[in-house]
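Novice: What follows is a single structure, and I will ask about it in a moment.
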Amino acid sequence: MSCDCGGLLEVRQDFRLADAERLKTLFDCRLALRTGPYASGVWRYKELIDPELEEAHIVTRGEGNTGLYDCAPAAIHAGVRRVWLKAQGENPSGSFKDNGMTAAVSRGVFAGYRAFACASTGNTSSSLAMYAAWAGLRCVVLVPPGGVAANKLMQTLAYGAEVYGIEGGYDAGVRLLNRCGEALGLYVCNSVNPFRIEGQKSMIIEAAHQLGWTLPDWVVLPGGALSNASALGKGLLEMKAIGLIGKVPRIAVVQAEGASPFHRMIASGGGELVPEPAPRTAASAIRIGNPPSWRKAARVLRDCAGVTCAVSDEAIMAAKRVIDRSGIGCEPAAAAGLAGLKKLAAEGTISRDETALVVLTGHMLKDADALRVSVPDPGLSPLAPDELFSRLAGVR
Ligand SMILES: Cc1ncc(COP(=O)(O)O)c(C=O)c1O
Ligand SMILES: N[C@@H](CCOP(=O)(O)O)C(=O)O
């Protein structure tokens with residue numbers, strides 16, 4: 001999956017003949033009709049995601065189609081004018097990975113593979129395992145033992161994946177698969193796969209469509225392997241080049257303090273990422289010390305006037321409580337975006353008059369351990385109906 005120069009491969013599409021008005025009409029029609037693969041919130045935008053792939057090879061679970069919520073409690077928490085939350089946890093496996101995975105698995109099937117693999121902190125594996133089960137394919141998964149939220153591991157196993165522990169965690173797993181996947185006959189579906197990035201662009205294309213092709217001032221997202229930063233930036237720049245949007249929002253990438261090699265590189269003005277050998281954060285999904293897509297993300301920051309920041313686990317959990325209590329909910333890694341927006345607004349990088357779209361990357365039920373931390377134990381004991389009645393009458 002790597003180029004001879006050592007960097008990651010990237011899909012370059014030729015949009016010179018693309019007609020923005022024709023595309024908008026096509027996307028509106030597909031949204032209204034919702035038929036076949038075009039009912040998917042990824043494949044609705046096929047002309048921008050993978051124009052050459054034949055329909056017969058598309059492996060889809062109707063992913064995308066996620067809500068975009070104008071969330072006043074989130075705006076108040078962050079201290080900015082308006083916040084939209086893009087709830088990627090509403091995907092079929094419960095995270096944004098489905099947007100990219102449908103594109104990667106479809107390409108693997110098109111290329112004739114029957115065995116698929118990934119290293120994972122839990123969401124990538126749940127997503128790949130789901131598509132593999134749906135399409136009757138073999139799925140091999142490498143995880144850091146003890147480093148994956150229990151629900152994600154169970155979800156991956158329940159879909160029928162073969163799961164192996166790997167020393168060195170996600171970082172070592174991706175390196176191994178990138179080097180040896182091909183020799184083992186495995187199609188690697190980590191975000192080193194350029195088709196994952198093409199699929200993940202659909203998140204911001206769908207959000208732009210939902211907002212009538214005008215986006216807020218900022219797009220804010222958590223950063224782990226940095227696939228989203230790469231994908232959303234690529235999607236924004238392509239939409240601008242085609243004429244689907246008039247202005248490219250600025251991008252903010254938020255990492256957890258104990259797993260923030262990209263933020264450290266940008267903040268120090270350095271041009272080379274120094275990996276974090278022992279990443280630490282309660283947000284296990286972004287416990288990543290050597291993000292494979294850092295070069296692509298650095299280019300996106302340059303082209304989208306982007307910024308980075310790092311937030312504490314306490315700030316992440318505080319943001320998660322606000323998102324949970326708003327009725328939307330998310331897992332800890334997903335809440336890093338709102339925590340970062342609050343920090344960037346407090347230090348004046350983002351103005352209080354500005355608006356932001358925050359990508360909520362994963363569902364609140366993905367991480368039950370985090371829920372146990374953020375919600376007090378109700379200490380329930382069975383009450384007799386009469387006693388229950390008088391208690392409820394007393395708190396009316
Ligand atoms: C829930 C969740 N949020 C955020 C991320 C980070 O996204 P990326 O790896 O694209 O930076 C991940 C995985 O890495 C994740 O599973
Ligand atoms: N959060 C991810 C880790 C990054 O994986 P990748 O798919 O971007 O390689 C996970 O859930 O595994």
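Chain lettering (A, B, ...) mirrors the order of the structure tokens, residue numbering begins at 1 for each chain separately, and ligand numbering begins at 1 in order of display.
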Let me have all residues with an atom within 7 Å of ligand 1, counting only C-alpha atoms and all ligand atoms, laid out as a PyMOL selection string.
Specialist: chain A and resi 95+121-124+222-229+285-286+331+333-334+361-362
Novice: Could you take the residues named above and write them with N, CA and C atoms, as a short mmCIF file (atom, residue, chain, number, x, y, z; two decimals), in the first residue's frame?
Specialist:
```
data_model
loop_
_atom_site.label_atom_id
_atom_site.label_comp_id
_atom_site.auth_asym_id
_atom_site.auth_seq_id
_atom_site.Cartn_x
_atom_site.Cartn_y
_atom_site.Cartn_z
N SER A 95 -19.45 3.74 13.76
CA SER A 95 -18.39 4.76 13.68
C SER A 95 -18.18 5.21 12.23
N THR A 121 -7.63 -0.26 16.86
CA THR A 121 -7.97 0.03 18.25
C THR A 121 -9.47 -0.21 18.47
N GLY A 122 -10.14 -0.87 17.53
CA GLY A 122 -11.49 -1.38 17.78
C GLY A 122 -12.57 -0.96 16.80
N ASN A 123 -12.52 0.26 16.29
CA ASN A 123 -13.59 0.68 15.37
C ASN A 123 -13.33 0.20 13.95
N THR A 124 -12.08 0.29 13.51
CA THR A 124 -11.74 -0.21 12.17
C THR A 124 -12.07 -1.69 12.08
N PRO A 222 -11.24 14.92 15.79
CA PRO A 222 -10.18 14.29 16.57
C PRO A 222 -9.14 13.68 15.64
N GLY A 223 -7.90 13.62 16.10
CA GLY A 223 -6.83 13.06 15.27
C GLY A 223 -6.13 11.89 15.94
N GLY A 224 -6.11 10.74 15.24
CA GLY A 224 -5.39 9.57 15.72
C GLY A 224 -4.39 9.17 14.64
N ALA A 225 -4.86 8.30 13.71
CA ALA A 225 -4.03 7.91 12.56
C ALA A 225 -3.99 9.02 11.50
N LEU A 226 -4.88 10.00 11.65
CA LEU A 226 -4.98 11.18 10.78
C LEU A 226 -5.59 10.90 9.42
N SER A 227 -6.36 9.82 9.33
CA SER A 227 -7.04 9.53 8.06
C SER A 227 -8.16 10.55 7.80
N ASN A 228 -8.86 10.94 8.86
CA ASN A 228 -9.97 11.88 8.67
C ASN A 228 -9.48 13.25 8.25
N ALA A 229 -8.43 13.71 8.90
CA ALA A 229 -7.88 15.01 8.52
C ALA A 229 -7.51 14.98 7.04
N ALA A 285 -9.46 4.85 21.30
CA ALA A 285 -9.52 4.85 19.83
C ALA A 285 -8.41 5.71 19.22
N ILE A 286 -7.95 6.72 19.95
CA ILE A 286 -6.90 7.61 19.41
C ILE A 286 -5.58 7.44 20.17
N GLU A 331 -18.50 8.35 21.93
CA GLU A 331 -17.42 7.74 22.71
C GLU A 331 -16.35 8.80 23.00
N ALA A 333 -13.10 9.34 22.30
CA ALA A 333 -12.27 9.89 21.22
C ALA A 333 -13.06 10.91 20.41
N ALA A 334 -14.33 10.64 20.21
CA ALA A 334 -15.17 11.53 19.40
C ALA A 334 -15.35 12.88 20.09
N THR A 361 -17.05 11.03 15.90
CA THR A 361 -16.58 9.88 15.12
C THR A 361 -17.16 8.52 15.54
N GLY A 362 -17.60 8.39 16.82
CA GLY A 362 -18.07 7.06 17.24
C GLY A 362 -19.21 7.12 18.25
#
```
Novice: Could you pull the residues within 9 Å of Asp171 of chain A, counting only C-alpha atoms, minus those fewer than 2 positions along the same chain, as a PDB file with N, CA and C atoms, in the first residue's frame?
Specialist:
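Below is the file out21.pdb, written as the result:
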```
ATOM      1  N   ALA A 119      -5.165  -3.756  11.322  1.00  0.00           N
ATOM      2  CA  ALA A 119      -4.786  -3.586  12.728  1.00  0.00           C
ATOM      3  C   ALA A 119      -5.761  -2.558  13.269  1.00  0.00           C
ATOM      4  N   SER A 120      -6.040  -2.623  14.591  1.00  0.00           N
ATOM      5  CA  SER A 120      -7.120  -1.747  15.028  1.00  0.00           C
ATOM      6  C   SER A 120      -7.113  -1.454  16.527  1.00  0.00           C
ATOM      7  N   GLY A 168       3.127  -4.165  20.615  1.00  0.00           N
ATOM      8  CA  GLY A 168       3.407  -2.879  19.971  1.00  0.00           C
ATOM      9  C   GLY A 168       2.136  -2.196  19.489  1.00  0.00           C
ATOM     10  N   GLY A 169       0.984  -2.872  19.656  1.00  0.00           N
ATOM     11  CA  GLY A 169      -0.312  -2.243  19.398  1.00  0.00           C
ATOM     12  C   GLY A 169      -0.582  -1.892  17.949  1.00  0.00           C
ATOM     13  N   GLY A 173       1.057  -3.119  14.324  1.00  0.00           N
ATOM     14  CA  GLY A 173       0.155  -3.915  13.485  1.00  0.00           C
ATOM     15  C   GLY A 173       0.051  -3.362  12.074  1.00  0.00           C
ATOM     16  N   VAL A 174      -0.091  -2.042  11.965  1.00  0.00           N
ATOM     17  CA  VAL A 174      -0.199  -1.439  10.625  1.00  0.00           C
ATOM     18  C   VAL A 174       1.111  -1.639   9.863  1.00  0.00           C
ATOM     19  N   ARG A 175       2.219  -1.449  10.579  1.00  0.00           N
ATOM     20  CA  ARG A 175       3.530  -1.622   9.913  1.00  0.00           C
ATOM     21  C   ARG A 175       3.645  -3.033   9.355  1.00  0.00           C
ATOM     22  N   LEU A 176       3.267  -4.024  10.182  1.00  0.00           N
ATOM     23  CA  LEU A 176       3.376  -5.433   9.760  1.00  0.00           C
ATOM     24  C   LEU A 176       2.500  -5.703   8.539  1.00  0.00           C
ATOM     25  N   ILE A 288      -2.650   6.413  19.592  1.00  0.00           N
ATOM     26  CA  ILE A 288      -1.832   6.112  18.407  1.00  0.00           C
ATOM     27  C   ILE A 288      -0.586   6.998  18.452  1.00  0.00           C
ATOM     28  N   GLY A 289       0.593   6.388  18.390  1.00  0.00           N
ATOM     29  CA  GLY A 289       1.832   7.157  18.540  1.00  0.00           C
ATOM     30  C   GLY A 289       2.527   7.471  17.229  1.00  0.00           C
ATOM     31  N   ASN A 290       2.161   6.725  16.166  1.00  0.00           N
ATOM     32  CA  ASN A 290       2.870   6.903  14.897  1.00  0.00           C
ATOM     33  C   ASN A 290       1.855   6.955  13.753  1.00  0.00           C
ATOM     34  N   PRO A 291       1.131   8.072  13.627  1.00  0.00           N
ATOM     35  CA  PRO A 291       0.015   8.133  12.656  1.00  0.00           C
ATOM     36  C   PRO A 291       0.501   8.014  11.212  1.00  0.00           C
ATOM     37  N   PRO A 292       0.043   6.959  10.506  1.00  0.00           N
ATOM     38  CA  PRO A 292       0.546   6.725   9.146  1.00  0.00           C
ATOM     39  C   PRO A 292       0.286   7.890   8.181  1.00  0.00           C
TER      40      PRO A 292
END
```
Novice: Please identify all polymer residues within 8 Å of Pro249 of chain A, counting only C-alpha atoms, omitting same-chain residues fewer than 3 positions from it, and present them as a list in words.
Specialist: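 Residues near the query, excluding close chain neighbours: Leu215, Pro216, Asp217, Trp218, Val219, Leu236 and Cys304 of chain A.
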Novice: Using only C-alpha atoms and all ligand atoms, which of the listed residues (A:Ala132, A:Ala103, A:Ala56, A:Cys189) sits closest to ligand 2?
Specialist: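 Ranking A:Ala132, A:Ala103, A:Ala56, A:Cys189 by distance to ligand 2, first place goes to A:Cys189.
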Novice: Need to verify the contact set: segment 38-43 of chain A, 6 Å, only C-alpha atoms, exclusion of same-chain residues closer than 2 positions in sequence. Can you return it as a list of chain:residue names?
Specialist: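 Answer for this query is A:Arg34, A:Thr35, A:Gly36, A:Tyr45, A:Lys46, A:Gly62, A:Glu63, A:Gly64, A:Asn65, A:Ser202.
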Novice: Include C-alpha atoms and write out the residues we just selected as a tab-separated table (two decimals), in the first residue's frame.
Specialist:
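New file part32.tsv:
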```tsv
chain	number	residue	atom	x	y	z
A	34	ARG	CA	-32.88	6.17	-2.29
A	35	THR	CA	-32.55	3.13	-4.56
A	36	GLY	CA	-29.82	0.47	-4.89
A	45	TYR	CA	-21.55	10.76	-4.22
A	46	LYS	CA	-19.93	8.01	-6.34
A	62	GLY	CA	-26.36	1.71	3.54
A	63	GLU	CA	-23.63	3.58	5.46
A	64	GLY	CA	-23.47	7.35	5.79
A	65	ASN	CA	-26.88	9.07	5.95
A	202	SER	CA	-18.12	11.45	1.84
```
Novice: Can you pull out every residue from segment 169-376 of chain A that DSSP, working from the backbone, puts in strand (DSSP E), and format the result as a VMD selection string?
Specialist: chain A and resid 187 to 188 218 to 222 250 to 256 307 to 311 355 to 360
Novice: Using only C-alpha atoms, determine which residues lie at most 9 Å from Leu237 of chain A, disregarding the query and same-chain residues fewer than 3 positions distant; provide the list as an mmCIF file with N, CA and C atoms, in the first residue's frame.
Specialist:
```cif
data_model
loop_
_atom_site.group_PDB
_atom_site.id
_atom_site.type_symbol
_atom_site.label_atom_id
_atom_site.label_comp_id
_atom_site.auth_asym_id
_atom_site.auth_seq_id
_atom_site.Cartn_x
_atom_site.Cartn_y
_atom_site.Cartn_z
ATOM 1 N N LEU A 232 -10.998 14.530 4.881
ATOM 2 C CA LEU A 232 -11.913 15.679 4.868
ATOM 3 C C LEU A 232 -11.262 16.867 4.155
ATOM 4 N N GLY A 233 -9.954 17.041 4.374
ATOM 5 C CA GLY A 233 -9.245 18.121 3.674
ATOM 6 C C GLY A 233 -9.270 17.902 2.168
ATOM 7 N N LYS A 234 -9.018 16.661 1.746
ATOM 8 C CA LYS A 234 -9.018 16.343 0.307
ATOM 9 C C LYS A 234 -10.410 16.604 -0.271
ATOM 10 N N LYS A 240 -14.235 22.442 -3.655
ATOM 11 C CA LYS A 240 -13.978 23.846 -4.037
ATOM 12 C C LYS A 240 -13.538 23.919 -5.503
ATOM 13 N N ALA A 241 -12.644 23.003 -5.903
ATOM 14 C CA ALA A 241 -12.126 23.012 -7.285
ATOM 15 C C ALA A 241 -13.250 22.763 -8.288
ATOM 16 N N ILE A 242 -14.199 21.906 -7.925
ATOM 17 C CA ILE A 242 -15.323 21.591 -8.831
ATOM 18 C C ILE A 242 -16.333 22.737 -8.852
ATOM 19 N N VAL A 248 -13.545 27.231 1.338
ATOM 20 C CA VAL A 248 -13.053 26.089 2.117
ATOM 21 C C VAL A 248 -12.956 26.494 3.588
ATOM 22 N N VAL A 300 -2.831 18.984 4.214
ATOM 23 C CA VAL A 300 -4.186 19.524 4.395
ATOM 24 C C VAL A 300 -4.155 20.758 5.288
ATOM 25 N N ASP A 303 -3.011 23.633 3.245
ATOM 26 C CA ASP A 303 -3.931 24.083 2.198
ATOM 27 C C ASP A 303 -5.275 24.577 2.743
ATOM 28 N N CYS A 304 -5.609 24.208 3.989
ATOM 29 C CA CYS A 304 -6.898 24.637 4.572
ATOM 30 C C CYS A 304 -6.673 25.566 5.758
#
```
Novice: Applying 12 Å and only C-alpha atoms, which residues near Leu184 of chain A remain after dropping the ones on its own chain fewer than 2 positions away? List them as an NGL selection string.
Specialist: :A and (113-117 or 140 or 176-182 or 186-188)
Novice: Let me see the file: selected residues, C-alpha atoms, as a PDB file, in the first residue's frame.
Specialist:
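Printed below is part-v9.pdb as written:
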```
ATOM      1  CA  TYR A 113      -9.473 -10.683  -2.918  1.00  0.00           C
ATOM      2  CA  ARG A 114     -11.383 -12.997  -0.552  1.00  0.00           C
ATOM      3  CA  ALA A 115      -9.353 -12.290   2.623  1.00  0.00           C
ATOM      4  CA  PHE A 116      -9.203  -8.881   4.302  1.00  0.00           C
ATOM      5  CA  ALA A 117      -7.168  -7.560   7.247  1.00  0.00           C
ATOM      6  CA  VAL A 140      -8.148 -11.060  10.013  1.00  0.00           C
ATOM      7  CA  LEU A 176       3.376  -5.433   9.760  1.00  0.00           C
ATOM      8  CA  LEU A 177       0.334  -5.556   7.487  1.00  0.00           C
ATOM      9  CA  ASN A 178       1.633  -2.819   5.222  1.00  0.00           C
ATOM     10  CA  ARG A 179       4.839  -4.830   4.769  1.00  0.00           C
ATOM     11  CA  CYS A 180       3.472  -8.401   4.651  1.00  0.00           C
ATOM     12  CA  GLY A 181      -0.272  -8.202   3.871  1.00  0.00           C
ATOM     13  CA  GLU A 182       0.217  -8.807   0.157  1.00  0.00           C
ATOM     14  CA  LEU A 186      -4.586 -10.244   2.650  1.00  0.00           C
ATOM     15  CA  TYR A 187      -6.162  -7.025   1.365  1.00  0.00           C
ATOM     16  CA  VAL A 188      -5.225  -4.389   3.952  1.00  0.00           C
TER      17      VAL A 188
END
```
Novice: Report as a PyMOL selection string all protein, DNA and RNA residues lying within 12 Å of Ala135 of chain A, evaluated on only C-alpha atoms, omitting residues in the same chain fewer than 2 positions from it.
Specialist: chain A and resi 57-61+102+105-106+108-109+113-116+128-133+137-139+159
Novice: Take the residues just selected and output them with C-alpha atoms as a PDB file, in the first residue's frame.
Specialist:
```
ATOM      1  CA  HIS A  57     -18.653  -4.691  -6.989  1.00  0.00           C
ATOM      2  CA  ILE A  58     -20.051  -2.281  -4.409  1.00  0.00           C
ATOM      3  CA  VAL A  59     -20.286  -3.801  -0.916  1.00  0.00           C
ATOM      4  CA  THR A  60     -22.637  -1.555   1.034  1.00  0.00           C
ATOM      5  CA  ARG A  61     -24.645  -1.609   4.266  1.00  0.00           C
ATOM      6  CA  THR A 102     -17.300   0.361   2.102  1.00  0.00           C
ATOM      7  CA  VAL A 105     -13.740  -3.457   0.718  1.00  0.00           C
ATOM      8  CA  SER A 106     -15.492  -2.817  -2.612  1.00  0.00           C
ATOM      9  CA  GLY A 108     -10.682  -5.333  -2.664  1.00  0.00           C
ATOM     10  CA  VAL A 109     -13.589  -7.393  -4.015  1.00  0.00           C
ATOM     11  CA  TYR A 113      -9.473 -10.683  -2.918  1.00  0.00           C
ATOM     12  CA  ARG A 114     -11.383 -12.997  -0.552  1.00  0.00           C
ATOM     13  CA  ALA A 115      -9.353 -12.290   2.623  1.00  0.00           C
ATOM     14  CA  PHE A 116      -9.203  -8.881   4.302  1.00  0.00           C
ATOM     15  CA  LEU A 128     -14.200  -4.400   8.495  1.00  0.00           C
ATOM     16  CA  ALA A 129     -15.607  -7.448  10.298  1.00  0.00           C
ATOM     17  CA  MET A 130     -19.146  -6.243   9.537  1.00  0.00           C
ATOM     18  CA  TYR A 131     -18.522  -5.790   5.788  1.00  0.00           C
ATOM     19  CA  ALA A 132     -16.605  -9.079   5.585  1.00  0.00           C
ATOM     20  CA  ALA A 133     -19.493 -10.939   7.228  1.00  0.00           C
ATOM     21  CA  LEU A 137     -15.236 -12.782   3.167  1.00  0.00           C
ATOM     22  CA  ARG A 138     -12.435 -13.787   5.561  1.00  0.00           C
ATOM     23  CA  CYS A 139     -11.454 -11.097   8.072  1.00  0.00           C
ATOM     24  CA  TYR A 159     -19.265 -10.567  13.260  1.00  0.00           C
TER      25      TYR A 159
END
```
Novice: Check the smallest atom-to-atom distance from each of A:Arg352, A:Lys366, A:Lys247, A:Arg44 to ligand 2 using only C-alpha atoms and all ligand atoms, then report the winner.
Specialist: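 Looking only at the distances to ligand 2, the closest residue turns out to be A:Lys366.
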Novice: Looking at only C-alpha atoms, which of A:Ser93, A:Gln200, A:Thr308, A:Thr66 is the one that sits closest to Lys343 of chain A?
Specialist: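 Between A:Ser93, A:Gln200, A:Thr308, A:Thr66, the residue approaching Lys343 of chain A most closely is A:Thr308.
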Novice: Just asking: which residues within segment 23-221 of chain A are alpha helix (DSSP H) according to DSSP, as a ChimeraX atom specification?
Specialist: /A:23-33,46-49,72-78,97-110,123-135,150-158,169-180,194-200,202-210
Novice: Tell me, in Å to one decimal, how far atom CA of Met239 of chain A is from atom CA of Glu90 of chain A.
Specialist: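 Result for atom CA of Met239 of chain A versus atom CA of Glu90 of chain A: 24.1 Å, one decimal.
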